[in-house]
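Asker: Have a look at the structure that comes next, please.
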Amino acid sequence: MGKPLIHRSPMPGLGLSMGVTLTMLSLVVLLPIGALLWKGASFGVGNIWDTINRERVWAALFLSFRLSLFAALFNLVFGVMLAWVLVRYRFPGRRILDAAVDLPFALPTAVAGIALTALYAPNGAFGSIAKELGAKIAYTQWGIFIALIFVGLPFVTRTVQPVVEEIEREVEEASATLGASRGHTIRWVILPMLAPAALTGFALSLARAVGEYGSVIFIAGNIPLKTEIAPLLIVIQLEEFNYDAAAAIGIAMLLISFAMLLVINLIQVFSRRRIGYV
Amino acid sequence: MSDARLIPFRPATEETPTTRLVLIGLAIGGLGLLVFGPLLIVFAEALAQGWGAAIAALSNPDAASAMRLTLIIAAIAVPLNAAFGIAAAWFITKFDFRGKAFLITLIDLPFSVSPVVAGLCIILMFGSNSLLGGWLVASGYPIVFALPGIILATMFVTFPFVARELIPVMIEQGRAEEEAALTLGASGWRVFATVTLPNIRWALLYGVLLSNARAMGEFGAVAVVSGKIRGQTATMPITIEMLYNEYLSVAAFSLAAVLTLLALLTLLLKTALELRHADQLAAARRP
């Protein structure tokens with residue numbers, strides 16, 4: 001016989017905790033997502049394809065995923081560096097820096113959006129410097145890139161930081177004793193230990209960036225084909241009460257983000273098998 | 001004295017002082033551009049025309065109603081999510097059943113769904129075009145473009161926060177203490193209140209803190225379901241957007257400054273929790 005569905009346990013509250021968990025999960029998350037999929041099913045695969053297969057939609061989807069990927073890659077490198085600096089070095093203001101990493105989690109996205117726009121607009125503090133150098137940041141893809149870096153900033157640092165804390169110095173000493181340079185030790189000893197956690201942070205950062213709306217729309221300029229992100233297209237369709245088209249784009253976004261997370265999970269399983277879990 | 005003595009000793013497990021300085025500089029510079037800059041500009045723009053203008057903007061009836069609405073939403077959504085988080089963590093950590101990993105994946109699902117798609121889902125489920133929503137509107141209980149829809153959207157995006165903090169902590173603490181209390185004849189609720197709750201209180205507070213920050217600041221999901229009716233369904237972030245788009249910069253940034261102060265308070269409390277109760281928080285452990 002197989003395992004029972006639920007093991008017998010002397011613990012109280014099985015019915016209550018299971019009931020609350022499953023009811024709320026269904027009401028708040030599963031049924032609404034089901035409603036989206038149901039809408040898609042009744043709209044039909046052919047119609048969904050016709051909705052997505054337009055230049056403006058492709059441009060928005062491609063823009064969202066491409067810039068999210070770049071922003072997550074930036075956060076991967078910067079986040080690992082930041083985790084290293086915060087754990088290993090002692091300098092004045094380190095605690096403030098450490099606390100500031102979490103600001104993107106705490107600051108509402110709309111606030112971040114208008115603040116970044118005010119800063120990076122051609123007449124803003126940083127934007128005017130860029131303007132003198134002949135670059136435009138806000139209302140271009142660079143602006144979207146910066147907003148996406150902002151929202152994904154804490155993920156890599158926060159997943160990698162505890163791992164850096166637990167690296168034993170003996171391992172680094174052993175590597176140095178065997179004649180490895182510091183750079184060699186970092187590349188071949190330390191980075192492989194950080195890789196699984198860094199990848200987790202990268203995936204979280206990517207997932208967050210793909211769906212981001214609030215901090216991006218202010219700085220993006222929202223020009224169709226150029227700086228229009230996929231979530232904005234959904235909002236535009238909804239404002240025109242075009243629920244079928246909104247659902248079609250929504251389903252496409254869901255599918256692509258799940259596919260990306262699946263790929264990243266597979267890479268993670270593979271890398272853990274290769275370098276071992278640390 | 002030989003020349004070798006002049007070279008300062010550096011352990012083999014440390015980077016050169018130059019590398020350190022460069023890395024620290026990059027860290028400060030990067031966070032300056034991305035975090036401290038935006039933080040300062042919010043207050044600078046809010047006070048661009050002095051304190052009087054900022055305070056006048058906040059006492060505007062629309063701003064006041066937005067603040068009230070945001071508080072109401074958090075006061076309803078956050079306790080509901082805390083209750084869910086406790087129930088889910090209890091169910092997952094105190095019992096053994098098949099499909100546990102799948103259930104955890106489902107609870108985490110809102111993290112990988114765009115807030116805009118979350119709002120879209122709620123409109124498709126409860127909007128007046130849907131079967132259920134049509135019936136609810138006909139019976140006088142509209143969900144979408146009204147308070148219940150905003151609360152549902154807020155709960156969707158903050159759904160995993162409390163559960164995610166509690167589950168690792170409760171796994172680590174095991175069941176032995178609860179089992180001992182049960183053997184001594186304590187009732188289920190008593191076990192929870194006197195054994196489990198004291199063990200998880202800091203993790204619970206941590207989860208509630210994060211959940212509250214997100215609930216008060218949620219924009220994408222709420223923007224979609226709220227209908228943006230001024231004075232009725234416009235939350236603080238929505239009102240900020242409306243004011244900003246009307247070029248009322250001082251008013252928009254004044255409201256934004258209130259939310260920023262709230263975010264700073266959240267960070268302060270969070271850091272204090274991490275410093276004092278690191279041993280009882282999941283976030284301080286390895287993922």
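Identifiers in this document derive from the order of the structure tokens: chains are assigned A, B, ..., residues are numbered from 1 separately in each chain, and ligands are numbered from 1 in order of occurrence.
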Select from region 6-39 of chain A everything DSSP, run on the backbone, classes as helix (DSSP H, G or I), then give the selection as a ChimeraX atom specification.

Answerer: /A:14-39

Asker: With 6 Å as the limit and counting only C-alpha atoms, what residues in chain A lie close to chain B? Please list them as a list in words.

Answerer: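 Putting it all together, I get Leu5, Ile6, His7, Pro12, Ser17, Met18, Thr21, Val28, Pro32, Ile33, Ala35, Leu36, Leu82, Ala106, Leu107, Pro108, Ala110, Val111, Ala115, Leu116, Pro162, Glu172, Ala207, Gly211, Tyr213, Gly214 and Gly250 of chain A.
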
Asker: Could you take the residues named above and write them with N, CA, C and O atoms, as a compact mmCIF listing (two decimals), in the first residue's frame?

Answerer:
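Once written, selection.txt looks like this:
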# COMPACT_ATOMS: atom_id res chain seq x y z
N LEU A 5 -2.62 9.53 2.73
CA LEU A 5 -2.65 10.92 2.29
C LEU A 5 -2.21 11.84 3.42
O LEU A 5 -1.38 12.72 3.23
N ILE A 6 -2.77 11.61 4.61
CA ILE A 6 -2.34 12.39 5.78
C ILE A 6 -2.03 11.42 6.91
O ILE A 6 -2.86 10.57 7.25
N HIS A 7 -0.82 11.51 7.47
CA HIS A 7 -0.46 10.62 8.56
C HIS A 7 -1.26 10.96 9.81
O HIS A 7 -1.52 12.13 10.09
N PRO A 12 -3.26 18.68 17.63
CA PRO A 12 -4.62 19.19 17.44
C PRO A 12 -4.68 20.16 16.26
O PRO A 12 -3.65 20.61 15.76
N SER A 17 -6.71 24.08 10.70
CA SER A 17 -5.60 24.69 9.95
C SER A 17 -5.67 24.31 8.48
O SER A 17 -5.43 25.14 7.60
N MET A 18 -6.06 23.05 8.18
CA MET A 18 -6.17 22.65 6.78
C MET A 18 -7.32 23.43 6.12
O MET A 18 -7.17 23.92 5.00
N THR A 21 -6.29 27.10 5.56
CA THR A 21 -5.25 27.18 4.53
C THR A 21 -5.85 26.99 3.13
O THR A 21 -5.67 27.83 2.24
N VAL A 28 -8.31 33.40 -2.56
CA VAL A 28 -7.48 34.57 -2.88
C VAL A 28 -6.60 34.33 -4.10
O VAL A 28 -6.40 35.22 -4.91
N PRO A 32 -8.99 32.96 -8.59
CA PRO A 32 -8.74 34.04 -9.56
C PRO A 32 -7.82 33.63 -10.71
O PRO A 32 -8.10 33.96 -11.87
N ILE A 33 -6.75 32.87 -10.41
CA ILE A 33 -5.87 32.43 -11.50
C ILE A 33 -6.64 31.47 -12.40
O ILE A 33 -6.54 31.52 -13.63
N ALA A 35 -9.77 31.65 -12.96
CA ALA A 35 -10.67 32.47 -13.78
C ALA A 35 -9.94 32.99 -15.02
O ALA A 35 -10.51 33.06 -16.11
N LEU A 36 -8.67 33.34 -14.85
CA LEU A 36 -7.88 33.82 -15.99
C LEU A 36 -7.71 32.69 -17.02
O LEU A 36 -7.92 32.90 -18.22
N LEU A 82 27.99 43.21 -3.32
CA LEU A 82 27.47 43.92 -2.15
C LEU A 82 27.45 43.00 -0.93
O LEU A 82 27.85 43.40 0.18
N ALA A 106 10.60 47.82 0.99
CA ALA A 106 9.71 48.57 1.88
C ALA A 106 9.08 49.78 1.19
O ALA A 106 8.00 50.21 1.57
N LEU A 107 9.76 50.31 0.19
CA LEU A 107 9.26 51.54 -0.45
C LEU A 107 8.20 51.18 -1.50
O LEU A 107 8.46 50.35 -2.37
N PRO A 108 7.01 51.79 -1.44
CA PRO A 108 5.99 51.50 -2.43
C PRO A 108 6.49 51.77 -3.85
O PRO A 108 7.23 52.73 -4.08
N ALA A 110 5.10 52.90 -6.52
CA ALA A 110 4.73 54.17 -7.13
C ALA A 110 5.66 55.29 -6.65
O ALA A 110 6.05 56.17 -7.42
N VAL A 111 6.02 55.24 -5.36
CA VAL A 111 6.92 56.24 -4.81
C VAL A 111 8.30 56.11 -5.47
O VAL A 111 8.91 57.10 -5.90
N ALA A 115 10.11 58.96 -7.76
CA ALA A 115 11.40 59.45 -7.27
C ALA A 115 12.50 59.22 -8.31
O ALA A 115 13.29 60.12 -8.59
N LEU A 116 12.53 58.02 -8.89
CA LEU A 116 13.55 57.73 -9.91
C LEU A 116 13.37 58.64 -11.12
O LEU A 116 14.34 59.12 -11.70
N PRO A 162 23.98 35.34 3.84
CA PRO A 162 24.18 34.31 4.86
C PRO A 162 25.20 33.26 4.44
O PRO A 162 25.90 32.71 5.30
N GLU A 172 39.75 28.99 2.50
CA GLU A 172 40.51 29.98 1.75
C GLU A 172 42.00 29.87 2.08
O GLU A 172 42.86 30.01 1.21
N ALA A 207 11.98 37.27 -11.70
CA ALA A 207 10.51 37.12 -11.63
C ALA A 207 9.87 38.44 -11.22
O ALA A 207 8.83 38.84 -11.74
N GLY A 211 7.28 41.21 -13.91
CA GLY A 211 5.91 41.63 -13.63
C GLY A 211 5.79 43.06 -13.15
O GLY A 211 4.70 43.56 -12.93
N TYR A 213 5.37 46.89 -12.47
CA TYR A 213 4.55 47.89 -13.16
C TYR A 213 4.75 49.28 -12.55
O TYR A 213 5.17 50.20 -13.24
N GLY A 214 4.51 49.38 -11.24
CA GLY A 214 4.47 50.68 -10.59
C GLY A 214 5.70 51.54 -10.75
O GLY A 214 5.60 52.73 -11.06
N GLY A 250 -2.10 38.39 -20.50
CA GLY A 250 -1.83 37.91 -19.14
C GLY A 250 -1.39 36.45 -19.14
O GLY A 250 -0.43 36.08 -18.45

Asker: Mind checking which residues fall within 9 Å of Arg88 (chain A), counting only C-alpha atoms, ignoring those fewer than 3 positions away in the same chain, and posting them as a count of residues only?

Answerer: 6

Asker: My list of candidates is A:Arg8, A:Lys226, A:Arg208, A:Arg273. Which is closest to Leu69 (chain A) when distances are computed with only C-alpha atoms?

Answerer: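 Nearest candidate to Leu69 (chain A) out of A:Arg8, A:Lys226, A:Arg208, A:Arg273: A:Arg208.
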
Asker: What does the distance between CA of Val101 (chain A) and CA of Phe202 (chain A) come to in Å, to one decimal place?

Answerer: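 Distance between the two atoms: 15.3 Å.
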
Asker: Given the choices B:Ala82, B:Leu204, B:Ala181, B:Val222, which gets closest to Thr235 (chain B) if the distance is worked out from only C-alpha atoms?

Answerer: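 Looking at the shortest contact to Thr235 (chain B), the residue is B:Val222.
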
Asker: Identify, on the basis of only C-alpha atoms, every residue whose closest approach to Asp244 (chain A) does not exceed 9 Å; exclude the query and any residue fewer than 6 positions from it along the same chain; express the result as a PyMOL selection string.

Answerer: chain A and resi 39-40+43+47-48+51+237

Asker: Take the residues from that selection and put them in a file with all heavy atoms, as a PDB file, in the first residue's frame.

Answerer:
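Result saved to again_11.pdb:
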ATOM      1  N   LYS A  39     -10.960  31.991 -18.750  1.00  0.00           N
ATOM      2  CA  LYS A  39     -11.234  33.026 -19.760  1.00  0.00           C
ATOM      3  C   LYS A  39     -10.418  32.735 -21.027  1.00  0.00           C
ATOM      4  O   LYS A  39     -10.938  32.823 -22.144  1.00  0.00           O
ATOM      5  CB  LYS A  39     -10.831  34.393 -19.195  1.00  0.00           C
ATOM      6  CG  LYS A  39     -11.147  35.565 -20.094  1.00  0.00           C
ATOM      7  CD  LYS A  39     -12.609  35.930 -19.966  1.00  0.00           C
ATOM      8  CE  LYS A  39     -12.975  37.101 -20.864  1.00  0.00           C
ATOM      9  NZ  LYS A  39     -14.421  37.312 -20.866  1.00  0.00           N
ATOM     10  N   GLY A  40      -9.159  32.360 -20.813  1.00  0.00           N
ATOM     11  CA  GLY A  40      -8.307  32.036 -21.943  1.00  0.00           C
ATOM     12  C   GLY A  40      -8.833  30.843 -22.716  1.00  0.00           C
ATOM     13  O   GLY A  40      -8.868  30.847 -23.955  1.00  0.00           O
ATOM     14  N   PHE A  43     -11.773  31.789 -24.730  1.00  0.00           N
ATOM     15  CA  PHE A  43     -11.390  32.687 -25.833  1.00  0.00           C
ATOM     16  C   PHE A  43     -10.776  31.865 -26.968  1.00  0.00           C
ATOM     17  O   PHE A  43     -10.920  32.204 -28.145  1.00  0.00           O
ATOM     18  CB  PHE A  43     -10.401  33.738 -25.289  1.00  0.00           C
ATOM     19  CG  PHE A  43     -10.093  34.864 -26.230  1.00  0.00           C
ATOM     20  CD1 PHE A  43     -11.078  35.468 -26.992  1.00  0.00           C
ATOM     21  CD2 PHE A  43      -8.792  35.341 -26.336  1.00  0.00           C
ATOM     22  CE1 PHE A  43     -10.771  36.521 -27.841  1.00  0.00           C
ATOM     23  CE2 PHE A  43      -8.486  36.396 -27.185  1.00  0.00           C
ATOM     24  CZ  PHE A  43      -9.479  36.978 -27.944  1.00  0.00           C
ATOM     25  N   ASN A  47      -7.482  32.476 -30.987  1.00  0.00           N
ATOM     26  CA  ASN A  47      -7.702  33.899 -30.717  1.00  0.00           C
ATOM     27  C   ASN A  47      -6.604  34.485 -29.846  1.00  0.00           C
ATOM     28  O   ASN A  47      -6.196  35.631 -30.051  1.00  0.00           O
ATOM     29  CB  ASN A  47      -9.057  34.105 -30.035  1.00  0.00           C
ATOM     30  CG  ASN A  47     -10.199  33.943 -31.018  1.00  0.00           C
ATOM     31  OD1 ASN A  47     -10.064  34.251 -32.202  1.00  0.00           O
ATOM     32  ND2 ASN A  47     -11.313  33.415 -30.542  1.00  0.00           N
ATOM     33  N   ILE A  48      -6.153  33.697 -28.865  1.00  0.00           N
ATOM     34  CA  ILE A  48      -5.067  34.183 -28.002  1.00  0.00           C
ATOM     35  C   ILE A  48      -3.839  34.469 -28.864  1.00  0.00           C
ATOM     36  O   ILE A  48      -3.214  35.529 -28.757  1.00  0.00           O
ATOM     37  CB  ILE A  48      -4.720  33.141 -26.909  1.00  0.00           C
ATOM     38  CG1 ILE A  48      -5.865  33.033 -25.913  1.00  0.00           C
ATOM     39  CG2 ILE A  48      -3.423  33.516 -26.186  1.00  0.00           C
ATOM     40  CD1 ILE A  48      -5.614  32.055 -24.795  1.00  0.00           C
ATOM     41  N   THR A  51      -4.164  37.587 -30.806  1.00  0.00           N
ATOM     42  CA  THR A  51      -4.013  38.794 -29.978  1.00  0.00           C
ATOM     43  C   THR A  51      -2.537  39.096 -29.715  1.00  0.00           C
ATOM     44  O   THR A  51      -2.111  40.248 -29.771  1.00  0.00           O
ATOM     45  CB  THR A  51      -4.722  38.588 -28.619  1.00  0.00           C
ATOM     46  OG1 THR A  51      -6.044  38.139 -28.868  1.00  0.00           O
ATOM     47  CG2 THR A  51      -4.755  39.874 -27.827  1.00  0.00           C
ATOM     48  N   GLN A 237      -5.580  47.459 -22.187  1.00  0.00           N
ATOM     49  CA  GLN A 237      -6.715  46.655 -22.647  1.00  0.00           C
ATOM     50  C   GLN A 237      -7.859  46.693 -21.634  1.00  0.00           C
ATOM     51  O   GLN A 237      -9.030  46.769 -22.002  1.00  0.00           O
ATOM     52  CB  GLN A 237      -6.288  45.189 -22.869  1.00  0.00           C
ATOM     53  CG  GLN A 237      -5.183  44.999 -23.886  1.00  0.00           C
ATOM     54  CD  GLN A 237      -5.584  45.443 -25.275  1.00  0.00           C
ATOM     55  OE1 GLN A 237      -6.772  45.570 -25.575  1.00  0.00           O
ATOM     56  NE2 GLN A 237      -4.602  45.712 -26.117  1.00  0.00           N
TER      57      GLN A 237
END
